[in-house]
file upload.cif (mmCIF, N, CA and C atoms)
data_target
loop_
_atom_site.label_atom_id
_atom_site.label_comp_id
_atom_site.auth_asym_id
_atom_site.auth_seq_id
_atom_site.Cartn_x
_atom_site.Cartn_y
_atom_site.Cartn_z
N ASP A 1 154.53 -5.74 116.44
CA ASP A 1 154.02 -6.01 115.11
C ASP A 1 153.03 -7.19 115.13
N ARG A 2 153.41 -8.17 115.92
CA ARG A 2 152.55 -9.30 116.08
C ARG A 2 151.24 -8.89 116.75
N GLN A 3 151.38 -8.05 117.72
CA GLN A 3 150.22 -7.56 118.44
C GLN A 3 149.35 -6.74 117.50
N ASN A 4 149.94 -5.99 116.66
CA ASN A 4 149.20 -5.18 115.68
C ASN A 4 148.46 -6.07 114.71
N THR A 5 149.08 -7.16 114.26
CA THR A 5 148.46 -8.09 113.34
C THR A 5 147.28 -8.78 114.03
N ARG A 6 147.52 -9.18 115.31
CA ARG A 6 146.46 -9.82 116.06
C ARG A 6 145.31 -8.85 116.27
N HIS A 7 145.67 -7.60 116.53
CA HIS A 7 144.66 -6.57 116.75
C HIS A 7 143.86 -6.34 115.46
N LYS A 8 144.51 -6.32 114.33
CA LYS A 8 143.83 -6.15 113.04
C LYS A 8 142.90 -7.34 112.79
N ALA A 9 143.38 -8.54 113.14
CA ALA A 9 142.56 -9.74 112.95
C ALA A 9 141.33 -9.66 113.85
N GLU A 10 141.51 -9.22 115.06
CA GLU A 10 140.37 -9.08 115.97
C GLU A 10 139.38 -8.05 115.46
N VAL A 11 139.92 -6.92 114.94
CA VAL A 11 139.05 -5.86 114.40
C VAL A 11 138.30 -6.40 113.19
N ALA A 12 139.01 -7.16 112.34
CA ALA A 12 138.36 -7.72 111.15
C ALA A 12 137.26 -8.71 111.58
N GLU A 13 137.58 -9.54 112.60
CA GLU A 13 136.60 -10.49 113.10
C GLU A 13 135.40 -9.75 113.70
N LEU A 14 135.70 -8.67 114.43
CA LEU A 14 134.64 -7.87 115.04
C LEU A 14 133.79 -7.21 113.97
N GLN A 15 134.40 -6.70 112.92
CA GLN A 15 133.64 -6.08 111.82
C GLN A 15 132.77 -7.13 111.13
N LYS A 16 133.33 -8.34 110.95
CA LYS A 16 132.58 -9.42 110.32
C LYS A 16 131.36 -9.78 111.20
N SER A 17 131.59 -9.87 112.50
CA SER A 17 130.50 -10.19 113.43
C SER A 17 129.46 -9.09 113.43
N THR A 18 129.93 -7.82 113.41
CA THR A 18 129.02 -6.68 113.40
C THR A 18 128.20 -6.68 112.12
N SER A 19 128.85 -6.98 111.01
CA SER A 19 128.15 -7.03 109.73
C SER A 19 127.10 -8.16 109.75
N ALA A 20 127.48 -9.33 110.29
CA ALA A 20 126.55 -10.46 110.38
C ALA A 20 125.39 -10.11 111.31
N ALA A 21 125.71 -9.44 112.43
CA ALA A 21 124.66 -9.05 113.37
C ALA A 21 123.71 -8.05 112.71
N SER A 22 124.26 -7.13 111.92
CA SER A 22 123.44 -6.14 111.23
C SER A 22 122.52 -6.83 110.21
N GLU A 23 123.07 -7.82 109.48
CA GLU A 23 122.26 -8.58 108.54
C GLU A 23 121.16 -9.36 109.27
N ASN A 24 121.53 -9.94 110.43
CA ASN A 24 120.55 -10.67 111.24
C ASN A 24 119.48 -9.72 111.74
N SER A 25 119.88 -8.54 112.14
CA SER A 25 118.92 -7.55 112.63
C SER A 25 117.98 -7.13 111.51
N ASP A 26 118.53 -6.92 110.31
CA ASP A 26 117.69 -6.56 109.16
C ASP A 26 116.70 -7.69 108.85
N GLU A 27 117.20 -8.94 108.88
CA GLU A 27 116.34 -10.10 108.62
C GLU A 27 115.25 -10.21 109.69
N LEU A 28 115.65 -9.97 110.96
CA LEU A 28 114.70 -10.01 112.06
C LEU A 28 113.63 -8.94 111.88
N SER A 29 114.00 -7.75 111.46
CA SER A 29 113.04 -6.67 111.21
C SER A 29 112.09 -7.05 110.09
N ARG A 30 112.67 -7.62 109.03
CA ARG A 30 111.84 -8.04 107.90
C ARG A 30 110.84 -9.12 108.34
N VAL A 31 111.28 -10.08 109.13
CA VAL A 31 110.41 -11.16 109.62
C VAL A 31 109.35 -10.57 110.54
N ARG A 32 109.74 -9.63 111.40
CA ARG A 32 108.76 -8.98 112.29
C ARG A 32 107.69 -8.25 111.49
N ASN A 33 108.13 -7.50 110.49
CA ASN A 33 107.17 -6.77 109.64
C ASN A 33 106.22 -7.74 108.94
N GLN A 34 106.77 -8.83 108.43
CA GLN A 34 105.95 -9.83 107.75
C GLN A 34 104.96 -10.44 108.73
N LEU A 35 105.41 -10.73 109.95
CA LEU A 35 104.53 -11.30 110.97
C LEU A 35 103.41 -10.32 111.32
N GLU A 36 103.73 -9.04 111.44
CA GLU A 36 102.71 -8.03 111.73
C GLU A 36 101.66 -7.97 110.62
N GLU A 37 102.12 -8.02 109.37
CA GLU A 37 101.19 -7.99 108.24
C GLU A 37 100.29 -9.23 108.26
N GLU A 38 100.87 -10.38 108.55
CA GLU A 38 100.08 -11.61 108.60
C GLU A 38 99.09 -11.58 109.76
N GLN A 39 99.48 -10.97 110.89
CA GLN A 39 98.57 -10.85 112.02
C GLN A 39 97.41 -9.91 111.67
N LYS A 40 97.71 -8.82 110.95
CA LYS A 40 96.63 -7.91 110.51
C LYS A 40 95.68 -8.64 109.57
N ALA A 41 96.24 -9.37 108.61
CA ALA A 41 95.41 -10.12 107.66
C ALA A 41 94.59 -11.17 108.40
N SER A 42 95.18 -11.80 109.39
CA SER A 42 94.48 -12.81 110.17
C SER A 42 93.33 -12.17 110.95
N ALA A 43 93.55 -10.99 111.50
CA ALA A 43 92.49 -10.29 112.24
C ALA A 43 91.34 -9.94 111.30
N VAL A 44 91.66 -9.49 110.09
CA VAL A 44 90.61 -9.17 109.11
C VAL A 44 89.82 -10.43 108.77
N LEU A 45 90.53 -11.53 108.53
CA LEU A 45 89.85 -12.79 108.23
C LEU A 45 88.99 -13.25 109.40
N ARG A 46 89.50 -13.08 110.62
CA ARG A 46 88.75 -13.47 111.80
C ARG A 46 87.46 -12.64 111.90
N ASP A 47 87.56 -11.34 111.63
CA ASP A 47 86.36 -10.47 111.64
C ASP A 47 85.37 -10.90 110.57
N GLU A 48 85.88 -11.22 109.38
CA GLU A 48 85.01 -11.66 108.29
C GLU A 48 84.33 -12.98 108.65
N MET A 49 85.09 -13.89 109.25
CA MET A 49 84.51 -15.18 109.65
C MET A 49 83.43 -14.98 110.70
N GLU A 50 83.66 -14.09 111.65
CA GLU A 50 82.67 -13.83 112.69
C GLU A 50 81.40 -13.23 112.07
N ASP A 51 81.59 -12.31 111.13
CA ASP A 51 80.44 -11.71 110.43
C ASP A 51 79.66 -12.78 109.68
N LEU A 52 80.38 -13.65 108.97
CA LEU A 52 79.72 -14.73 108.23
C LEU A 52 78.99 -15.68 109.18
N ARG A 53 79.60 -15.97 110.33
CA ARG A 53 78.97 -16.86 111.31
C ARG A 53 77.67 -16.22 111.82
N GLU A 54 77.72 -14.91 112.13
CA GLU A 54 76.51 -14.22 112.60
C GLU A 54 75.42 -14.22 111.53
N ARG A 55 75.81 -13.96 110.29
CA ARG A 55 74.83 -13.96 109.20
C ARG A 55 74.24 -15.35 108.99
N ALA A 56 75.08 -16.37 109.09
CA ALA A 56 74.59 -17.75 108.92
C ALA A 56 73.61 -18.09 110.05
N THR A 57 73.93 -17.67 111.25
CA THR A 57 73.04 -17.94 112.39
C THR A 57 71.71 -17.22 112.20
N ALA A 58 71.76 -15.97 111.76
CA ALA A 58 70.52 -15.21 111.52
C ALA A 58 69.71 -15.85 110.40
N THR A 59 70.38 -16.28 109.35
CA THR A 59 69.69 -16.93 108.23
C THR A 59 69.04 -18.23 108.69
N GLU A 60 69.77 -18.99 109.48
CA GLU A 60 69.22 -20.25 109.99
C GLU A 60 67.97 -19.99 110.84
N ALA A 61 68.04 -18.97 111.70
CA ALA A 61 66.88 -18.63 112.54
C ALA A 61 65.70 -18.20 111.67
N ALA A 62 65.97 -17.41 110.65
CA ALA A 62 64.89 -16.97 109.75
C ALA A 62 64.28 -18.16 109.02
N MET A 63 65.12 -19.09 108.59
CA MET A 63 64.61 -20.27 107.88
C MET A 63 63.76 -21.12 108.82
N LYS A 64 64.17 -21.25 110.08
CA LYS A 64 63.38 -22.02 111.04
C LYS A 64 62.03 -21.34 111.27
N GLU A 65 62.05 -20.00 111.40
CA GLU A 65 60.79 -19.26 111.56
C GLU A 65 59.87 -19.47 110.37
N ALA A 66 60.46 -19.39 109.17
CA ALA A 66 59.66 -19.58 107.96
C ALA A 66 59.09 -20.99 107.91
N ALA A 67 59.89 -21.97 108.32
CA ALA A 67 59.41 -23.36 108.31
C ALA A 67 58.24 -23.53 109.29
N VAL A 68 58.36 -22.90 110.46
CA VAL A 68 57.27 -22.98 111.44
C VAL A 68 56.02 -22.30 110.88
N ALA A 69 56.22 -21.12 110.27
CA ALA A 69 55.07 -20.40 109.69
C ALA A 69 54.45 -21.23 108.57
N ASN A 70 55.28 -21.83 107.72
CA ASN A 70 54.76 -22.67 106.64
C ASN A 70 54.00 -23.85 107.21
N GLY A 71 54.53 -24.43 108.28
CA GLY A 71 53.84 -25.54 108.93
C GLY A 71 52.46 -25.13 109.42
N ARG A 72 52.40 -23.93 110.00
CA ARG A 72 51.10 -23.44 110.48
C ARG A 72 50.15 -23.22 109.30
N GLU A 73 50.67 -22.66 108.23
CA GLU A 73 49.83 -22.41 107.04
C GLU A 73 49.32 -23.74 106.48
N VAL A 74 50.19 -24.73 106.40
CA VAL A 74 49.78 -26.04 105.88
C VAL A 74 48.71 -26.64 106.79
N GLU A 75 48.91 -26.51 108.10
CA GLU A 75 47.93 -27.03 109.05
C GLU A 75 46.59 -26.32 108.87
N ALA A 76 46.64 -25.01 108.71
CA ALA A 76 45.39 -24.25 108.50
C ALA A 76 44.72 -24.67 107.20
N MET A 77 45.53 -24.90 106.16
CA MET A 77 44.98 -25.33 104.89
C MET A 77 44.32 -26.71 105.01
N HIS A 78 44.96 -27.61 105.77
CA HIS A 78 44.37 -28.94 105.98
C HIS A 78 43.03 -28.81 106.70
N LYS A 79 42.98 -27.95 107.71
CA LYS A 79 41.72 -27.76 108.43
C LYS A 79 40.65 -27.22 107.49
N THR A 80 41.03 -26.26 106.65
CA THR A 80 40.08 -25.68 105.70
C THR A 80 39.57 -26.75 104.73
N VAL A 81 40.51 -27.57 104.24
CA VAL A 81 40.12 -28.65 103.32
C VAL A 81 39.17 -29.62 104.02
N GLU A 82 39.46 -29.94 105.28
CA GLU A 82 38.57 -30.84 106.03
C GLU A 82 37.19 -30.22 106.19
N GLN A 83 37.15 -28.91 106.48
CA GLN A 83 35.85 -28.24 106.62
C GLN A 83 35.09 -28.26 105.30
N ILE A 84 35.77 -27.95 104.21
CA ILE A 84 35.12 -27.96 102.89
C ILE A 84 34.63 -29.35 102.56
N SER A 85 35.47 -30.35 102.86
CA SER A 85 35.08 -31.73 102.59
C SER A 85 33.82 -32.09 103.39
N GLY A 86 33.79 -31.68 104.65
CA GLY A 86 32.61 -31.94 105.47
C GLY A 86 31.37 -31.25 104.91
N MET A 87 31.53 -30.01 104.46
CA MET A 87 30.40 -29.28 103.87
C MET A 87 29.95 -29.97 102.59
N ASN A 88 30.89 -30.43 101.77
CA ASN A 88 30.54 -31.14 100.54
C ASN A 88 29.77 -32.42 100.85
N GLU A 89 30.22 -33.16 101.87
CA GLU A 89 29.51 -34.38 102.24
C GLU A 89 28.08 -34.07 102.68
N GLU A 90 27.91 -33.01 103.46
CA GLU A 90 26.57 -32.62 103.92
C GLU A 90 25.71 -32.21 102.73
N LEU A 91 26.30 -31.45 101.79
CA LEU A 91 25.55 -31.06 100.59
C LEU A 91 25.14 -32.29 99.77
N MET A 92 26.04 -33.25 99.66
CA MET A 92 25.71 -34.47 98.91
C MET A 92 24.57 -35.22 99.60
N ARG A 93 24.59 -35.30 100.92
CA ARG A 93 23.49 -35.97 101.64
C ARG A 93 22.18 -35.21 101.40
N ASP A 94 22.24 -33.87 101.45
CA ASP A 94 21.04 -33.06 101.19
C ASP A 94 20.52 -33.31 99.78
N LEU A 95 21.44 -33.34 98.81
CA LEU A 95 21.02 -33.60 97.42
C LEU A 95 20.40 -34.98 97.29
N ASP A 96 21.00 -35.98 97.95
CA ASP A 96 20.42 -37.33 97.91
C ASP A 96 19.01 -37.33 98.49
N ARG A 97 18.82 -36.65 99.63
CA ARG A 97 17.48 -36.59 100.24
C ARG A 97 16.49 -35.89 99.30
N GLN A 98 16.91 -34.77 98.71
CA GLN A 98 16.03 -34.05 97.77
C GLN A 98 15.71 -34.92 96.56
N ASN A 99 16.72 -35.60 96.05
CA ASN A 99 16.53 -36.47 94.89
C ASN A 99 15.54 -37.58 95.22
N THR A 100 15.70 -38.18 96.38
CA THR A 100 14.78 -39.24 96.80
C THR A 100 13.36 -38.70 96.92
N ARG A 101 13.22 -37.52 97.55
CA ARG A 101 11.90 -36.90 97.71
C ARG A 101 11.30 -36.57 96.34
N HIS A 102 12.10 -36.03 95.43
CA HIS A 102 11.60 -35.70 94.09
C HIS A 102 11.18 -36.94 93.33
N LYS A 103 11.95 -38.01 93.46
CA LYS A 103 11.59 -39.26 92.79
C LYS A 103 10.24 -39.76 93.31
N ALA A 104 10.05 -39.68 94.64
CA ALA A 104 8.77 -40.11 95.22
C ALA A 104 7.64 -39.22 94.70
N GLU A 105 7.87 -37.90 94.63
CA GLU A 105 6.84 -36.98 94.13
C GLU A 105 6.52 -37.28 92.67
N VAL A 106 7.57 -37.53 91.86
CA VAL A 106 7.35 -37.85 90.44
C VAL A 106 6.56 -39.16 90.31
N ALA A 107 6.93 -40.15 91.10
CA ALA A 107 6.21 -41.44 91.05
C ALA A 107 4.75 -41.23 91.42
N GLU A 108 4.50 -40.42 92.45
CA GLU A 108 3.12 -40.15 92.86
C GLU A 108 2.35 -39.42 91.76
N LEU A 109 3.01 -38.44 91.13
CA LEU A 109 2.35 -37.70 90.03
C LEU A 109 2.05 -38.63 88.86
N ARG A 110 2.98 -39.52 88.53
CA ARG A 110 2.75 -40.47 87.44
C ARG A 110 1.56 -41.38 87.76
N LEU A 111 1.50 -41.80 89.02
CA LEU A 111 0.38 -42.65 89.44
C LEU A 111 -0.94 -41.89 89.28
N ARG A 112 -0.96 -40.63 89.71
CA ARG A 112 -2.18 -39.82 89.58
C ARG A 112 -2.57 -39.64 88.11
N VAL A 113 -1.54 -39.34 87.28
CA VAL A 113 -1.82 -39.17 85.85
C VAL A 113 -2.38 -40.46 85.27
N SER A 114 -1.74 -41.58 85.64
CA SER A 114 -2.20 -42.88 85.15
C SER A 114 -3.64 -43.15 85.61
N GLN A 115 -3.90 -42.87 86.89
CA GLN A 115 -5.26 -43.09 87.41
C GLN A 115 -6.25 -42.15 86.70
N ALA A 116 -5.84 -40.91 86.48
CA ALA A 116 -6.73 -39.95 85.82
C ALA A 116 -7.00 -40.41 84.39
N GLU A 117 -5.95 -40.92 83.72
CA GLU A 117 -6.15 -41.41 82.36
C GLU A 117 -7.12 -42.59 82.35
N GLU A 118 -6.93 -43.51 83.32
CA GLU A 118 -7.85 -44.66 83.40
C GLU A 118 -9.28 -44.19 83.66
N GLN A 119 -9.45 -43.22 84.56
CA GLN A 119 -10.78 -42.68 84.85
C GLN A 119 -11.37 -42.05 83.59
N GLY A 120 -10.52 -41.32 82.87
CA GLY A 120 -11.01 -40.69 81.64
C GLY A 120 -11.41 -41.71 80.61
N VAL A 121 -10.60 -42.76 80.45
CA VAL A 121 -10.92 -43.82 79.49
C VAL A 121 -12.22 -44.50 79.90
N LYS A 122 -12.38 -44.81 81.20
CA LYS A 122 -13.62 -45.46 81.68
C LYS A 122 -14.82 -44.56 81.38
N LYS A 123 -14.69 -43.29 81.63
CA LYS A 123 -15.82 -42.38 81.39
C LYS A 123 -16.17 -42.35 79.89
N ILE A 124 -15.08 -42.34 79.05
CA ILE A 124 -15.35 -42.33 77.61
C ILE A 124 -16.01 -43.64 77.20
N VAL A 125 -15.51 -44.75 77.72
CA VAL A 125 -16.09 -46.05 77.38
C VAL A 125 -17.54 -46.13 77.88
N GLU A 126 -17.74 -45.68 79.10
CA GLU A 126 -19.12 -45.70 79.64
C GLU A 126 -20.01 -44.80 78.83
N ALA A 127 -19.49 -43.68 78.45
CA ALA A 127 -20.32 -42.74 77.69
C ALA A 127 -20.65 -43.34 76.33
N HIS A 128 -19.71 -43.97 75.73
CA HIS A 128 -19.98 -44.55 74.40
C HIS A 128 -20.63 -45.91 74.51
N GLY A 129 -20.18 -46.68 75.45
CA GLY A 129 -20.71 -48.02 75.59
C GLY A 129 -22.04 -48.06 76.29
N GLY A 130 -22.21 -47.24 77.21
CA GLY A 130 -23.42 -47.25 78.01
C GLY A 130 -24.62 -46.76 77.22
N SER A 131 -24.44 -45.93 76.20
CA SER A 131 -25.55 -45.39 75.44
C SER A 131 -26.00 -46.35 74.36
N ARG A 132 -25.24 -47.33 74.02
CA ARG A 132 -25.61 -48.26 72.97
C ARG A 132 -26.48 -49.28 73.46
#
call {"tool": "encode", "arguments": {"input": "upload.cif", "output": "structure tokens"}}
result
Amino acid sequence: DRQNTRHKAEVAELQKSTSAASENSDELSRVRNQLEEEQKASAVLRDEMEDLRERATATEAAMKEAAVANGREVEAMHKTVEQISGMNEELMRDLDRQNTRHKAEVAELRLRVSQAEEQGVKKIVEAHGGSR
């Protein structure tokens, strides 16, 4: 009878252990499933991060290319401005030379007109004065 009681106690203890082991196994399965889901989510995030990194690198390269191209355009524009400025300076010198030449021509014409007027006045005076 004692042996039977001890045997029942052992069976009860074994059932309790089996039940606890089954609960532990269920918990372990649940934790494994959760870990697998988190690993899948992590892989998706890792892929997205890699894609973003590649896009950022491509964007950075494109921006550097654009900056270099803009630099070249600005340099070309500066050269063009310098050329135009040089042409303007040459045109201004030409205009100054023409202006100086025209002023000299006008002064010469005024002198001729003045001399012609004096000659005309002398002739009129001689014609009127000389006959009296």
call {"tool": "axis_aligned_box", "arguments": {"input": "upload.cif", "around": "region 57-76 of chain A", "padding_each_side": "3 Å", "output": "AutoDock Vina command-line options"}}
result
--center_x 59.3 --center_y -21.1 --center_z 109.2 --size_x 35.2 --size_y 17.8 --size_z 12.7
call {"tool": "atom_distance", "arguments": {"input": "upload.cif", "atom1": "atom C of Leu28 (chain A)", "atom2": "atom N of Val11 (chain A)"}}
result
26.5 Å
call {"tool": "atom_distance", "arguments": {"input": "upload.cif", "atom1": "CA of Ser42 (chain A)", "atom2": "atom N of Glu54 (chain A)"}}
result
17.0 Å
call {"tool": "atom_distance", "arguments": {"input": "upload.cif", "atom1": "CA of Lys103 (chain A)", "atom2": "CA of Val121 (chain A)"}}
result
26.5 Å
call {"tool": "build_atoms", "arguments": {"input": "upload.cif", "residues": "region 81-92 of chain A", "atoms": "all heavy atoms", "output": "compact mmCIF listing (two decimals), in the coordinates of the input"}}
result
# COMPACT_ATOMS: atom_id res chain seq x y z
N VAL A 81 40.51 -27.57 104.24
CA VAL A 81 40.12 -28.65 103.32
C VAL A 81 39.17 -29.62 104.02
O VAL A 81 38.17 -30.06 103.43
CB VAL A 81 41.37 -29.39 102.79
CG1 VAL A 81 41.00 -30.69 102.10
CG2 VAL A 81 42.15 -28.49 101.83
N GLU A 82 39.46 -29.94 105.28
CA GLU A 82 38.57 -30.84 106.03
C GLU A 82 37.19 -30.22 106.19
O GLU A 82 36.17 -30.92 106.04
CB GLU A 82 39.17 -31.14 107.42
CG GLU A 82 40.35 -32.07 107.38
CD GLU A 82 41.01 -32.25 108.74
OE1 GLU A 82 40.46 -31.76 109.75
OE2 GLU A 82 42.08 -32.87 108.79
N GLN A 83 37.15 -28.91 106.48
CA GLN A 83 35.85 -28.24 106.62
C GLN A 83 35.09 -28.26 105.30
O GLN A 83 33.89 -28.55 105.27
CB GLN A 83 36.05 -26.78 107.08
CG GLN A 83 36.51 -26.66 108.51
CD GLN A 83 36.87 -25.22 108.88
OE1 GLN A 83 37.05 -24.38 108.01
NE2 GLN A 83 36.96 -24.96 110.17
N ILE A 84 35.77 -27.95 104.21
CA ILE A 84 35.12 -27.96 102.89
C ILE A 84 34.63 -29.35 102.56
O ILE A 84 33.52 -29.53 102.05
CB ILE A 84 36.10 -27.42 101.82
CG1 ILE A 84 36.32 -25.93 102.03
CG2 ILE A 84 35.57 -27.69 100.42
CD1 ILE A 84 37.43 -25.34 101.16
N SER A 85 35.47 -30.35 102.86
CA SER A 85 35.08 -31.73 102.59
C SER A 85 33.82 -32.09 103.39
O SER A 85 32.90 -32.72 102.86
CB SER A 85 36.23 -32.67 102.97
OG SER A 85 35.88 -33.99 102.75
N GLY A 86 33.79 -31.68 104.65
CA GLY A 86 32.61 -31.94 105.47
C GLY A 86 31.37 -31.25 104.91
O GLY A 86 30.29 -31.84 104.86
N MET A 87 31.53 -30.01 104.46
CA MET A 87 30.40 -29.28 103.87
C MET A 87 29.95 -29.97 102.59
O MET A 87 28.74 -30.09 102.34
CB MET A 87 30.78 -27.82 103.60
CG MET A 87 30.99 -27.04 104.88
SD MET A 87 31.40 -25.26 104.75
CE MET A 87 32.00 -25.00 103.15
N ASN A 88 30.89 -30.43 101.77
CA ASN A 88 30.54 -31.14 100.54
C ASN A 88 29.77 -32.42 100.85
O ASN A 88 28.79 -32.74 100.17
CB ASN A 88 31.79 -31.48 99.73
CG ASN A 88 32.33 -30.28 98.98
OD1 ASN A 88 31.63 -29.29 98.80
ND2 ASN A 88 33.58 -30.38 98.55
N GLU A 89 30.22 -33.16 101.87
CA GLU A 89 29.51 -34.38 102.24
C GLU A 89 28.08 -34.07 102.68
O GLU A 89 27.14 -34.77 102.31
CB GLU A 89 30.27 -35.11 103.36
CG GLU A 89 31.57 -35.75 102.89
CD GLU A 89 32.39 -36.33 104.03
OE1 GLU A 89 31.91 -36.39 105.18
OE2 GLU A 89 33.54 -36.72 103.77
N GLU A 90 27.91 -33.01 103.46
CA GLU A 90 26.57 -32.62 103.92
C GLU A 90 25.71 -32.21 102.73
O GLU A 90 24.54 -32.59 102.64
CB GLU A 90 26.68 -31.46 104.92
CG GLU A 90 25.37 -31.07 105.55
CD GLU A 90 24.73 -32.18 106.36
OE1 GLU A 90 25.46 -32.98 106.99
OE2 GLU A 90 23.48 -32.25 106.36
N LEU A 91 26.30 -31.45 101.79
CA LEU A 91 25.55 -31.06 100.59
C LEU A 91 25.14 -32.29 99.77
O LEU A 91 24.01 -32.35 99.26
CB LEU A 91 26.39 -30.12 99.71
CG LEU A 91 26.55 -28.69 100.23
CD1 LEU A 91 27.56 -27.93 99.37
CD2 LEU A 91 25.21 -27.97 100.24
N MET A 92 26.04 -33.25 99.66
CA MET A 92 25.71 -34.47 98.91
C MET A 92 24.57 -35.22 99.60
O MET A 92 23.66 -35.73 98.92
CB MET A 92 26.95 -35.37 98.78
CG MET A 92 28.03 -34.80 97.86
SD MET A 92 27.43 -34.42 96.20
CE MET A 92 27.21 -36.06 95.56
